[in-house]
file protein19.txt (compact mmCIF, C-alpha atoms and all ligand atoms)
# COMPACT_ATOMS: atom_id res chain seq x y z
CA LEU A 1 94.60 81.88 102.62
CA THR A 2 97.23 80.90 105.13
CA ASP A 3 99.72 83.57 106.09
CA GLU A 4 102.44 81.78 104.21
CA LEU A 5 100.44 81.54 101.02
CA ARG A 6 99.44 85.13 101.34
CA ALA A 7 103.02 86.21 101.73
CA ARG A 8 103.93 84.32 98.58
CA ALA A 9 100.93 85.41 96.55
CA LEU A 10 100.78 89.06 97.42
CA THR A 11 103.19 91.91 97.67
CA GLY A 12 103.18 93.98 100.86
CA GLN A 13 101.12 96.66 99.18
CA GLN A 14 98.49 94.20 98.08
CA ILE A 15 98.27 92.86 101.60
CA ALA A 16 97.74 96.38 102.90
CA ILE A 17 94.93 96.94 100.42
CA GLU A 18 93.33 93.59 101.27
CA ASP A 19 93.50 94.40 104.96
CA ALA A 20 91.94 97.82 104.41
CA LEU A 21 89.10 96.30 102.40
CA ARG A 22 88.47 93.67 105.04
CA ALA A 23 88.41 96.32 107.74
CA MET A 24 85.92 98.25 105.65
CA ASP A 25 83.64 95.24 105.34
CA SER A 26 83.21 95.16 109.08
CA ILE A 27 82.24 98.81 109.29
CA SER A 28 78.93 99.26 111.09
CA THR A 29 76.25 101.64 109.90
CA SER A 30 74.68 102.37 113.25
CA GLY A 31 75.61 104.79 115.99
CA GLY A 32 76.03 107.54 113.43
CA SER A 33 76.32 111.17 114.37
CA VAL A 34 73.69 113.06 112.43
CA LEU A 35 72.76 116.75 112.25
CA ILE A 36 69.32 117.85 111.07
CA ILE A 37 69.20 121.41 109.73
CA ASP A 38 65.59 122.50 109.55
CA THR A 39 63.75 125.66 110.61
CA ASP A 40 60.51 123.71 111.09
CA LYS A 41 60.81 122.43 114.64
CA ARG A 42 58.00 119.88 114.47
CA HIS A 43 59.24 118.39 111.24
CA ALA A 44 62.82 118.26 112.52
CA GLU A 45 61.74 116.49 115.66
CA ARG A 46 59.74 113.93 113.78
CA VAL A 47 62.75 113.08 111.62
CA GLN A 48 64.89 112.97 114.74
CA GLY A 49 62.42 110.53 116.27
CA TYR A 50 62.70 108.23 113.25
CA LEU A 51 66.45 107.99 113.60
CA ALA A 52 67.08 108.36 117.30
CA HIS A 53 67.04 104.69 118.23
CA GLU A 54 69.85 103.93 115.75
CA HIS A 55 71.86 107.16 115.65
CA LYS A 56 72.83 110.15 117.71
CA VAL A 57 70.83 113.01 116.23
CA ASP A 58 71.09 116.75 116.85
CA VAL A 59 68.72 119.36 115.51
CA LEU A 60 69.79 122.80 114.33
CA LEU A 61 66.93 125.25 113.86
CA GLU A 62 69.18 128.17 112.93
CA PRO A 63 70.72 127.63 109.47
CA ALA A 64 72.89 130.73 109.96
CA ASP A 65 74.95 128.71 112.43
CA ALA A 66 75.17 125.63 110.20
CA VAL A 67 78.83 125.81 109.23
CA PHE A 68 79.83 126.69 112.75
CA GLN A 69 77.81 123.82 114.17
CA VAL A 70 79.01 121.30 111.63
CA SER A 71 82.70 122.13 111.95
CA GLY A 72 82.56 122.12 115.73
CA ALA A 73 81.41 118.50 115.97
CA LYS A 74 82.25 115.18 114.39
CA TYR A 75 79.08 114.70 112.36
CA GLU A 76 78.91 111.92 109.82
CA LEU A 77 75.84 113.18 108.01
CA ALA A 78 73.79 116.36 107.57
CA LEU A 79 70.09 116.20 106.75
CA VAL A 80 69.20 119.57 105.26
CA SER A 81 65.65 120.77 104.67
CA MET A 82 64.92 122.51 101.37
CA SER A 83 62.65 124.91 103.28
CA LEU A 84 64.75 127.08 105.56
CA ASN A 85 62.69 130.29 105.67
CA ASP A 86 64.97 133.13 104.58
CA PHE A 87 67.96 130.86 104.02
CA ASP A 88 69.00 129.28 100.79
CA PRO A 89 69.57 125.59 101.57
CA LEU A 90 71.96 125.25 98.64
CA ARG A 91 74.07 128.02 100.10
CA VAL A 92 74.20 126.17 103.40
CA CYS A 93 75.34 123.05 101.54
CA SER A 94 77.99 124.86 99.54
CA GLN A 95 79.32 126.49 102.69
CA ILE A 96 79.69 123.07 104.26
CA ARG A 97 81.61 121.97 101.15
CA THR A 98 83.86 125.03 101.34
CA VAL A 99 85.21 124.47 104.85
CA ASP A 100 88.21 122.15 104.84
CA HIS A 101 87.26 119.63 107.47
CA THR A 102 83.57 119.42 106.60
CA ARG A 103 84.22 119.08 102.86
CA ASN A 104 83.55 115.35 102.92
CA LEU A 105 80.46 115.44 105.11
CA PRO A 106 77.60 113.59 103.38
CA ILE A 107 74.50 115.73 102.83
CA ILE A 108 70.95 114.47 102.25
CA LEU A 109 68.33 117.04 101.25
CA MET A 110 64.77 116.75 102.52
CA ALA A 111 62.66 118.04 99.64
CA ASP A 112 59.08 118.61 98.50
CA GLU A 113 57.94 117.67 95.01
CA SER A 114 58.17 121.35 94.05
CA ASP A 115 61.83 121.48 95.10
CA LYS A 116 62.85 118.94 92.42
CA PRO A 117 64.58 121.32 89.94
CA ARG A 118 66.74 122.78 92.69
CA VAL A 119 67.47 119.32 94.08
CA VAL A 120 68.80 118.23 90.69
CA ARG A 121 71.12 121.24 90.66
CA ALA A 122 72.20 120.45 94.22
CA LEU A 123 73.07 116.87 93.26
CA ASP A 124 75.23 118.28 90.46
CA LEU A 125 76.95 120.50 92.99
CA GLY A 126 77.94 117.60 95.22
CA VAL A 127 75.02 116.97 97.56
CA ASN A 128 74.94 113.21 98.07
CA ASP A 129 71.26 112.30 98.07
CA PHE A 130 67.74 113.54 98.71
CA ILE A 131 64.57 112.21 100.24
CA SER A 132 61.02 113.32 99.38
CA ARG A 133 58.58 114.69 101.91
CA PRO A 134 56.45 113.44 103.52
CA ILE A 135 59.33 111.39 104.77
CA GLU A 136 58.82 107.64 104.98
CA ARG A 137 60.62 106.15 107.95
CA ASN A 138 62.17 103.05 106.36
CA GLU A 139 63.32 104.93 103.30
CA LEU A 140 64.94 107.56 105.50
CA MET A 141 66.73 104.95 107.56
CA ALA A 142 68.03 103.16 104.46
CA ARG A 143 69.33 106.35 102.86
CA VAL A 144 70.98 107.45 106.09
CA ARG A 145 72.67 104.07 106.52
CA THR A 146 73.99 104.16 102.96
CA GLN A 147 75.58 107.57 103.42
CA ILE A 148 77.05 106.70 106.80
CA ARG A 149 78.53 103.49 105.39
CA ARG A 150 80.07 105.32 102.43
CA HIS A 151 81.43 108.02 104.69
CA ARG A 152 82.99 105.52 107.07
CA TYR A 153 84.47 103.55 104.14
CA ALA A 154 86.00 106.71 102.77
CA MET A 155 87.43 107.74 106.13
CA GLU A 156 88.90 104.28 106.67
CA LEU A 157 90.45 104.24 103.21
CA ARG A 158 91.88 107.73 103.60
CA GLN A 159 93.38 106.73 106.94
CA SER A 160 94.97 103.56 105.64
CA VAL A 161 96.38 105.29 102.57
CA ASN A 162 97.86 107.99 104.81
CA ASN A 163 99.35 105.32 107.05
CA SER A 164 100.95 103.47 104.14
CA ILE A 165 102.40 106.68 102.76
CA ALA A 166 103.78 107.63 106.16
CA GLN A 167 105.21 104.15 106.59
CA ALA A 168 106.83 104.15 103.17
CA VAL A 169 108.87 107.27 103.92
CA THR A 170 109.83 106.72 107.56
CA ASP A 171 112.34 104.64 109.41
CA ASP A 172 110.47 102.34 111.82
CA LEU A 173 112.90 102.57 114.72
CA THR A 174 113.48 106.31 114.90
CA GLY A 175 110.49 107.78 113.10
CA LEU A 176 112.85 109.91 111.01
CA TYR A 177 112.63 109.86 107.23
CA ASN A 178 114.24 106.87 105.57
CA ARG A 179 117.03 106.76 103.03
CA ARG A 180 114.73 106.39 100.05
CA TYR A 181 112.76 109.49 100.93
CA PHE A 182 115.97 111.36 101.64
CA ASP A 183 117.44 110.60 98.22
CA ARG A 184 114.35 111.90 96.44
CA HIS A 185 114.18 114.95 98.63
CA LEU A 186 117.84 115.81 98.18
CA ASN A 187 117.39 115.71 94.43
CA ILE A 188 114.48 118.09 94.60
CA LEU A 189 116.04 120.48 97.12
CA LEU A 190 119.35 120.61 95.32
CA GLY A 191 117.61 121.31 92.03
CA LYS A 192 115.70 124.16 93.61
CA ALA A 193 118.76 125.58 95.35
CA GLN A 194 120.68 125.65 92.08
CA GLU A 195 117.83 127.06 90.04
CA GLN A 196 117.20 129.87 92.52
CA GLU A 197 120.83 130.30 93.60
CA ARG A 198 119.98 129.59 97.19
CA GLU A 199 121.99 127.93 99.88
CA LEU A 200 121.66 124.32 100.91
CA ALA A 201 123.65 122.72 103.72
CA VAL A 202 124.05 119.00 104.35
CA MET A 203 125.01 117.67 107.76
CA ILE A 204 126.04 114.04 108.26
CA LEU A 205 126.14 112.71 111.82
CA ASP A 206 127.72 109.46 112.98
CA ILE A 207 127.52 108.31 116.59
CA ASP A 208 130.95 107.78 118.11
CA HIS A 209 132.01 104.27 119.11
CA PHE A 210 128.49 103.02 118.78
CA LYS A 211 129.63 99.45 118.31
CA ALA A 212 130.87 99.58 121.92
CA VAL A 213 127.36 100.54 123.09
CA ASN A 214 125.94 97.43 121.46
CA ASP A 215 128.82 95.23 122.63
CA THR A 216 128.57 96.45 126.24
CA TYR A 217 124.85 96.88 126.79
CA GLY A 218 123.23 94.87 124.02
CA HIS A 219 121.40 95.68 120.83
CA ASP A 220 118.19 96.74 122.62
CA VAL A 221 119.98 99.45 124.55
CA GLY A 222 121.61 100.45 121.26
CA ASP A 223 118.13 100.91 119.82
CA VAL A 224 117.05 103.01 122.78
CA VAL A 225 120.05 105.27 122.20
CA LEU A 226 119.24 105.55 118.49
CA LYS A 227 115.69 106.65 119.30
CA GLU A 228 116.69 109.22 121.86
CA PHE A 229 119.50 110.44 119.62
CA SER A 230 116.99 111.01 116.81
CA ALA A 231 114.61 112.86 119.09
CA ARG A 232 117.39 115.21 120.20
CA VAL A 233 118.46 115.88 116.63
CA LYS A 234 114.89 116.66 115.69
CA ARG A 235 114.47 119.06 118.60
CA ASN A 236 117.50 121.05 117.56
CA ILE A 237 116.74 121.65 113.90
CA ARG A 238 114.06 123.74 112.23
CA GLY A 239 110.76 122.46 110.89
CA VAL A 240 111.94 122.96 107.29
CA ASP A 241 115.10 120.94 107.86
CA LEU A 242 114.82 117.32 106.86
CA ALA A 243 116.29 114.73 109.22
CA CYS A 244 116.75 111.20 108.03
CA ARG A 245 118.31 107.96 109.17
CA PHE A 246 120.95 107.34 106.56
CA GLY A 247 121.60 103.82 107.80
CA GLY A 248 122.77 102.16 111.04
CA GLU A 249 123.95 104.87 113.42
CA GLU A 250 124.45 107.44 110.71
CA PHE A 251 122.09 110.34 110.12
CA VAL A 252 121.79 113.18 107.68
CA VAL A 253 120.06 116.54 107.88
CA LEU A 254 119.24 118.74 104.90
CA MET A 255 119.07 122.44 105.72
CA PRO A 256 117.67 124.72 103.01
CA ASP A 257 118.64 128.40 102.94
CA THR A 258 121.39 127.84 105.47
CA ASP A 259 124.78 129.52 105.16
CA THR A 260 128.07 128.47 106.69
CA SER A 261 127.76 130.23 110.00
CA ASN A 262 124.17 129.11 110.58
CA ALA A 263 124.99 125.54 109.65
CA GLU A 264 127.90 125.56 112.07
CA LEU A 265 125.63 126.92 114.77
CA VAL A 266 123.06 124.16 114.25
CA ALA A 267 125.69 121.42 114.04
CA GLU A 268 127.31 122.61 117.26
CA ARG A 269 123.92 122.81 118.96
CA VAL A 270 123.11 119.24 117.97
CA ARG A 271 126.55 117.98 119.03
CA GLU A 272 126.09 119.59 122.44
CA ALA A 273 122.53 118.30 122.81
CA ILE A 274 123.98 114.79 122.49
CA ALA A 275 127.17 115.20 124.51
CA ASN A 276 125.91 117.37 127.36
CA LYS A 277 123.27 115.06 128.73
CA PRO A 278 123.88 111.33 129.30
CA PHE A 279 121.26 109.00 127.81
CA GLU A 280 118.79 107.18 130.06
CA ILE A 281 119.10 103.44 129.37
CA GLY A 282 116.73 101.93 131.91
CA ALA A 283 118.11 100.48 135.11
CA GLN A 284 121.76 101.10 134.31
CA ARG A 285 123.68 104.33 134.82
CA PRO A 286 122.94 106.94 132.16
CA LEU A 287 125.28 106.58 129.23
CA SER A 288 127.49 109.30 127.77
CA VAL A 289 127.17 109.46 124.01
CA THR A 290 128.96 111.70 121.54
CA VAL A 291 128.58 112.35 117.85
CA SER A 292 130.85 113.48 115.06
CA VAL A 293 129.44 115.81 112.41
CA GLY A 294 130.51 116.69 108.88
CA VAL A 295 128.90 119.56 106.99
CA SER A 296 128.99 120.52 103.31
CA PHE A 297 127.39 123.25 101.21
CA ASN A 298 126.00 123.39 97.74
CA GLU A 299 128.47 125.09 95.42
CA THR A 300 126.04 126.62 93.02
CA GLY A 301 125.77 124.83 89.73
CA ALA A 302 128.64 122.42 90.26
CA ASP A 303 127.25 119.96 92.80
CA THR A 304 125.34 116.74 92.36
CA PRO A 305 123.69 114.91 95.27
CA GLU A 306 126.67 112.57 95.26
CA THR A 307 129.38 115.25 95.44
CA LEU A 308 127.49 117.11 98.13
CA ILE A 309 127.17 114.00 100.29
CA LYS A 310 130.74 112.99 99.53
CA ARG A 311 132.14 116.29 100.87
CA ALA A 312 130.05 116.03 104.05
CA ASP A 313 131.35 112.47 104.45
CA VAL A 314 134.96 113.58 104.01
CA ALA A 315 134.37 116.25 106.67
CA LEU A 316 132.81 113.63 108.95
CA TYR A 317 135.83 111.38 108.67
CA ARG A 318 138.11 114.24 109.46
CA ALA A 319 135.99 114.84 112.58
CA LYS A 320 136.49 111.19 113.52
CA ARG A 321 140.23 111.30 112.85
CA GLU A 322 140.71 114.48 114.83
CA GLY A 323 139.24 112.93 117.96
CA ARG A 324 135.44 112.64 117.50
CA ASN A 325 132.74 114.65 119.35
CA ARG A 326 133.30 117.56 116.98
CA VAL A 327 131.97 119.41 113.94
CA ILE A 328 133.98 119.88 110.74
CA LEU A 329 132.78 122.09 107.91
P1 LIG B 401 132.96 105.34 115.00
O1 LIG B 401 133.15 106.27 116.13
O2 LIG B 401 134.15 105.20 114.13
O3 LIG B 401 131.76 105.69 114.20
O4 LIG B 401 132.70 103.91 115.64
P2 LIG B 401 131.40 103.05 115.57
O5 LIG B 401 131.57 101.92 116.53
O6 LIG B 401 130.21 103.89 115.80
O7 LIG B 401 131.39 102.61 114.07
P3 LIG B 401 130.96 101.30 113.32
O8 LIG B 401 130.49 101.76 111.98
O9 LIG B 401 132.10 100.35 113.35
O10 LIG B 401 129.76 100.68 114.13
C1 LIG B 401 128.45 101.02 113.91
C2 LIG B 401 127.64 100.09 114.73
O11 LIG B 401 126.27 100.44 114.67
C3 LIG B 401 127.72 98.65 114.29
C4 LIG B 401 126.29 98.16 114.23
O12 LIG B 401 126.10 96.96 114.90
C5 LIG B 401 125.52 99.26 114.90
N1 LIG B 401 124.17 99.40 114.39
C6 LIG B 401 123.79 99.67 113.13
N2 LIG B 401 122.45 99.71 113.04
C7 LIG B 401 121.95 99.45 114.27
C8 LIG B 401 120.62 99.35 114.83
O13 LIG B 401 119.60 99.50 114.14
N3 LIG B 401 120.50 99.08 116.15
C9 LIG B 401 121.61 98.91 116.93
N4 LIG B 401 121.42 98.66 118.23
N5 LIG B 401 122.85 98.99 116.45
C10 LIG B 401 123.04 99.25 115.14
MG MG B 402 131.71 103.79 111.64
MG MG B 403 129.77 105.46 114.47
MG MG B 404 128.85 104.56 111.08
call {"tool": "encode", "arguments": {"input": "protein19.txt", "output": "structure tokens", "more": "lines below"}}
Ligand code: GH3
Ligand code: MG
Ligand code: MG
Ligand code: MG
result
Amino acid sequence: LTDELRARALTGQQIAIEDALRAMDSISTSGGSVLIIDTDKRHAERVQGYLAHEHKVDVLLEPADAVFQVSGAKYELALVSMSLNDFDPLRVCSQIRTVDHTRNLPIILMADESDKPRVVRALDLGVNDFISRPIERNELMARVRTQIRRHRYAMELRQSVNNSIAQAVTDDLTGLYNRRYFDRHLNILLGKAQEQERELAVMILDIDHFKAVNDTYGHDVGDVVLKEFSARVKRNIRGVDLACRFGGEEFVVLMPDTDTSNAELVAERVREAIANKPFEIGAQRPLSVTVSVGVSFNETGADTPETLIKRADVALYRAKREGRNRVIL
């Protein structure tokens, strides 16, 4: 398909999925990072020899250290022997499944005929595959490739889903949350605040005379200022506060569990963080920027998202009228 046809035929989301699938098709199955867990040194080394020309293979002879070893490195596959002396191989596997960042590690069991009943149970418990001893080289290589391919597919998919989610909720220029995310979040936070009779403060910020920045220095410099402005806002609020680009050069911050005096403190801190240090705009002299801020508070039970925002907006316009570069509650 040409780009134009694609754009017409598919929505953005479909394009993202198509791209992810295409990326997955080109995933290689070699150069894997494999860990063999086996107390039988000779056997482990033979298996290692089978795989070594295609993958990077470590051997762990001490199953007690398995979880430690696996979580410390970026393995893409564990080959676990069903004969581990005093250790229960299924326990080793379930430990690997318990630790957060090894949960998705593929596991292949190396099993004797007599291990079959336990292997079946292990497959039920989430082990990915098994291979019978004596191990046949080509079979081993095929099973290893399959698991590595699946693992890499899954990682790729997880990554691209995470990226799309992140992209859907953020503003491209500033990296702050976007308006859509803000609206949903305000609904949820306000509901919670009213249910639990807790405080919620809303702060709206609007850069002063921003049109003059664009008119004097150009749109690109305006964008640089918007980015730096956002970074400063972010640095001066808490992790639980939610900062979002409301539109243009207007921003809003939601502050849960924040009373009047704390909200005023934060708003003043942000205002100063903007006003006290001129913005670097490349070759030209640093630029003084100021911001006006309006703050409102949830009046338990009575407020809707709209009334809450409206009051902050009224406060903001008072701040503008009274001379800008100030906070009004
Ligand atoms: P006031 O102090 O009353 O807020 O004055 P102002 O000039 O900031 O207000 P106004 O709302 O008139 O101007 C906002 C300007 O912000 C106009 C618009 O071109 C600019 N703007 C909006 N979005 C962007 C953007 O993404 N990048 C840049 N560079 N400028 C933007
Ligand atoms: Mg304006
Ligand atoms: Mg403005
Ligand atoms: Mg504005």
call {"tool": "closest_atom_pairs", "arguments": {"input": "protein19.txt", "of": "chain A", "to": "ligand MG 402 (chain B)", "cutoff": "10 Å", "atoms": "only C-alpha atoms and all ligand atoms", "output": "tab-separated table"}}
result
residue	atom	partner	partner_atom	distance
A:Asp206	CA	B:MG402	MG	7.1
A:Ile207	CA	B:MG402	MG	7.9
A:Asp208	CA	B:MG402	MG	7.6
A:His209	CA	B:MG402	MG	7.5
A:Phe210	CA	B:MG402	MG	7.9
A:Lys211	CA	B:MG402	MG	8.2
A:Gly248	CA	B:MG402	MG	9.1
A:Glu249	CA	B:MG402	MG	8.0
A:Glu250	CA	B:MG402	MG	8.2
A:Tyr317	CA	B:MG402	MG	9.1
A:Lys320	CA	B:MG402	MG	9.0
call {"tool": "residues_near_ligand", "arguments": {"input": "protein19.txt", "ligand": "ligand LIG 401 (chain B)", "cutoff": "12 Å", "atoms": "only C-alpha atoms and all ligand atoms", "output": "number ranges by chain"}}
result
A: 171-174, 204-227, 229, 245-251, 289-293, 313, 316-326
call {"tool": "closest_residue", "arguments": {"input": "protein19.txt", "among": "A:Glu18, A:Asp65, A:Asp40, A:Asp112", "to": "Gln95 (chain A)", "atoms": "only C-alpha atoms"}}
result
A:Asp65
call {"tool": "residues_around", "arguments": {"input": "protein19.txt", "residues": "Asp38 (chain A)", "least_positions_apart": "5", "cutoff": "8 Å", "atoms": "only C-alpha atoms", "output": "list in words"}}
result
His43, Ala44, Val59, Leu60, Leu61, Glu62, Pro63, Val80, Ser81, Ser83 and Leu84 of chain A
call {"tool": "write_last_selection", "arguments": {"input": "protein19.txt", "atoms": "C-alpha atoms", "output": "PDB file, in the coordinates of the input"}}
result
ATOM      1  CA  HIS A  43      59.240 118.390 111.240  1.00  0.00           C
ATOM      2  CA  ALA A  44      62.820 118.260 112.520  1.00  0.00           C
ATOM      3  CA  VAL A  59      68.720 119.360 115.510  1.00  0.00           C
ATOM      4  CA  LEU A  60      69.790 122.800 114.330  1.00  0.00           C
ATOM      5  CA  LEU A  61      66.930 125.250 113.860  1.00  0.00           C
ATOM      6  CA  GLU A  62      69.180 128.170 112.930  1.00  0.00           C
ATOM      7  CA  PRO A  63      70.720 127.630 109.470  1.00  0.00           C
ATOM      8  CA  VAL A  80      69.200 119.570 105.260  1.00  0.00           C
ATOM      9  CA  SER A  81      65.650 120.770 104.670  1.00  0.00           C
ATOM     10  CA  SER A  83      62.650 124.910 103.280  1.00  0.00           C
ATOM     11  CA  LEU A  84      64.750 127.080 105.560  1.00  0.00           C
TER      12      LEU A  84
END
call {"tool": "atom_distance", "arguments": {"input": "protein19.txt", "atom1": "CA of Ala312 (chain A)", "atom2": "CA of Leu329 (chain A)"}}
result
7.7 Å
call {"tool": "residues_near_point", "arguments": {"input": "protein19.txt", "point": "(114.7, 119.3, 104.0)", "cutoff": "10 Å", "atoms": "all atoms listed in the file", "output": "list of chain:residue names"}}
result
A:Phe182, A:His185, A:Leu186, A:Ile188, A:Leu189, A:Leu190, A:Leu200, A:Ala201, A:Val202, A:Arg238, A:Gly239, A:Val240, A:Asp241, A:Leu242, A:Ala243, A:Cys244, A:Val253, A:Leu254, A:Met255, A:Pro256, A:Asp257
call {"tool": "closest_residue", "arguments": {"input": "protein19.txt", "among": "A:Thr170, A:Asn262, A:Gln48, A:Ser30", "to": "Ile148 (chain A)", "atoms": "only C-alpha atoms"}}
result
A:Ser30
call {"tool": "atom_distance", "arguments": {"input": "protein19.txt", "atom1": "CA of Gly31 (chain A)", "atom2": "CA of Val119 (chain A)"}}
result
27.5 Å
call {"tool": "decode", "arguments": {"input": "protein19.txt", "residues": "region 247-274 of chain A", "atoms": "N, CA and C atoms", "output": "mmCIF file, in the first residue's frame"}}
result
data_model
loop_
_atom_site.group_PDB
_atom_site.id
_atom_site.type_symbol
_atom_site.label_atom_id
_atom_site.label_comp_id
_atom_site.auth_asym_id
_atom_site.auth_seq_id
_atom_site.Cartn_x
_atom_site.Cartn_y
_atom_site.Cartn_z
ATOM 1 N N GLY A 247 -4.013 23.387 26.839
ATOM 2 C CA GLY A 247 -4.170 23.896 25.478
ATOM 3 C C GLY A 247 -3.275 25.109 25.338
ATOM 4 N N GLY A 248 -2.688 25.308 24.144
ATOM 5 C CA GLY A 248 -1.858 26.489 23.887
ATOM 6 C C GLY A 248 -0.819 26.719 24.952
ATOM 7 N N GLU A 249 -0.895 27.882 25.610
ATOM 8 C CA GLU A 249 0.083 28.213 26.656
ATOM 9 C C GLU A 249 -0.607 28.246 28.011
ATOM 10 N N GLU A 250 -1.570 27.332 28.138
ATOM 11 C CA GLU A 250 -2.345 27.234 29.365
ATOM 12 C C GLU A 250 -2.166 25.828 29.946
ATOM 13 N N PHE A 251 -1.948 25.790 31.254
ATOM 14 C CA PHE A 251 -1.651 24.522 31.912
ATOM 15 C C PHE A 251 -2.532 24.369 33.137
ATOM 16 N N VAL A 252 -2.700 23.114 33.548
ATOM 17 C CA VAL A 252 -3.489 22.900 34.759
ATOM 18 C C VAL A 252 -2.833 21.803 35.589
ATOM 19 N N VAL A 253 -2.868 22.006 36.905
ATOM 20 C CA VAL A 253 -2.287 21.015 37.819
ATOM 21 C C VAL A 253 -3.345 20.613 38.832
ATOM 22 N N LEU A 254 -3.545 19.299 38.966
ATOM 23 C CA LEU A 254 -4.458 18.781 39.983
ATOM 24 C C LEU A 254 -3.645 18.367 41.197
ATOM 25 N N MET A 255 -4.065 18.845 42.372
ATOM 26 C CA MET A 255 -3.303 18.531 43.584
ATOM 27 C C MET A 255 -4.212 17.894 44.634
ATOM 28 N N PRO A 256 -4.157 16.567 44.737
ATOM 29 C CA PRO A 256 -4.982 15.871 45.722
ATOM 30 C C PRO A 256 -4.497 16.187 47.139
ATOM 31 N N ASP A 257 -5.420 16.099 48.086
ATOM 32 C CA ASP A 257 -5.096 16.281 49.510
ATOM 33 C C ASP A 257 -4.305 17.554 49.768
ATOM 34 N N THR A 258 -4.712 18.631 49.130
ATOM 35 C CA THR A 258 -3.964 19.877 49.273
ATOM 36 C C THR A 258 -4.896 20.987 49.750
ATOM 37 N N ASP A 259 -4.593 21.553 50.920
ATOM 38 C CA ASP A 259 -5.464 22.605 51.443
ATOM 39 C C ASP A 259 -5.022 23.974 50.929
ATOM 40 N N THR A 260 -5.728 24.998 51.368
ATOM 41 C CA THR A 260 -5.503 26.336 50.832
ATOM 42 C C THR A 260 -4.064 26.807 50.989
ATOM 43 N N SER A 261 -3.526 26.643 52.195
ATOM 44 C CA SER A 261 -2.199 27.211 52.411
ATOM 45 C C SER A 261 -1.126 26.434 51.645
ATOM 46 N N ASN A 262 -1.282 25.113 51.544
ATOM 47 C CA ASN A 262 -0.321 24.342 50.754
ATOM 48 C C ASN A 262 -0.427 24.662 49.268
ATOM 49 N N ALA A 263 -1.645 24.809 48.790
ATOM 50 C CA ALA A 263 -1.828 25.126 47.373
ATOM 51 C C ALA A 263 -1.200 26.481 47.055
ATOM 52 N N GLU A 264 -1.387 27.431 47.958
ATOM 53 C CA GLU A 264 -0.813 28.755 47.734
ATOM 54 C C GLU A 264 0.721 28.669 47.699
ATOM 55 N N LEU A 265 1.246 27.862 48.598
ATOM 56 C CA LEU A 265 2.697 27.663 48.653
ATOM 57 C C LEU A 265 3.225 27.114 47.326
ATOM 58 N N VAL A 266 2.562 26.074 46.813
ATOM 59 C CA VAL A 266 3.003 25.456 45.556
ATOM 60 C C VAL A 266 2.866 26.452 44.410
ATOM 61 N N ALA A 267 1.727 27.133 44.346
ATOM 62 C CA ALA A 267 1.485 28.070 43.247
ATOM 63 C C ALA A 267 2.538 29.180 43.251
ATOM 64 N N GLU A 268 2.846 29.678 44.426
ATOM 65 C CA GLU A 268 3.871 30.724 44.542
ATOM 66 C C GLU A 268 5.241 30.189 44.110
ATOM 67 N N ARG A 269 5.522 28.954 44.530
ATOM 68 C CA ARG A 269 6.813 28.347 44.182
ATOM 69 C C ARG A 269 6.946 28.209 42.666
ATOM 70 N N VAL A 270 5.879 27.774 42.023
ATOM 71 C CA VAL A 270 5.910 27.627 40.567
ATOM 72 C C VAL A 270 6.075 29.005 39.915
ATOM 73 N N ARG A 271 5.275 29.978 40.376
ATOM 74 C CA ARG A 271 5.359 31.327 39.798
ATOM 75 C C ARG A 271 6.797 31.847 39.874
ATOM 76 N N GLU A 272 7.417 31.654 41.028
ATOM 77 C CA GLU A 272 8.799 32.124 41.198
ATOM 78 C C GLU A 272 9.776 31.353 40.328
ATOM 79 N N ALA A 273 9.558 30.046 40.207
ATOM 80 C CA ALA A 273 10.456 29.224 39.385
ATOM 81 C C ALA A 273 10.457 29.706 37.930
ATOM 82 N N ILE A 274 9.325 30.282 37.504
ATOM 83 C CA ILE A 274 9.252 30.822 36.142
ATOM 84 C C ILE A 274 9.883 32.222 36.090
#
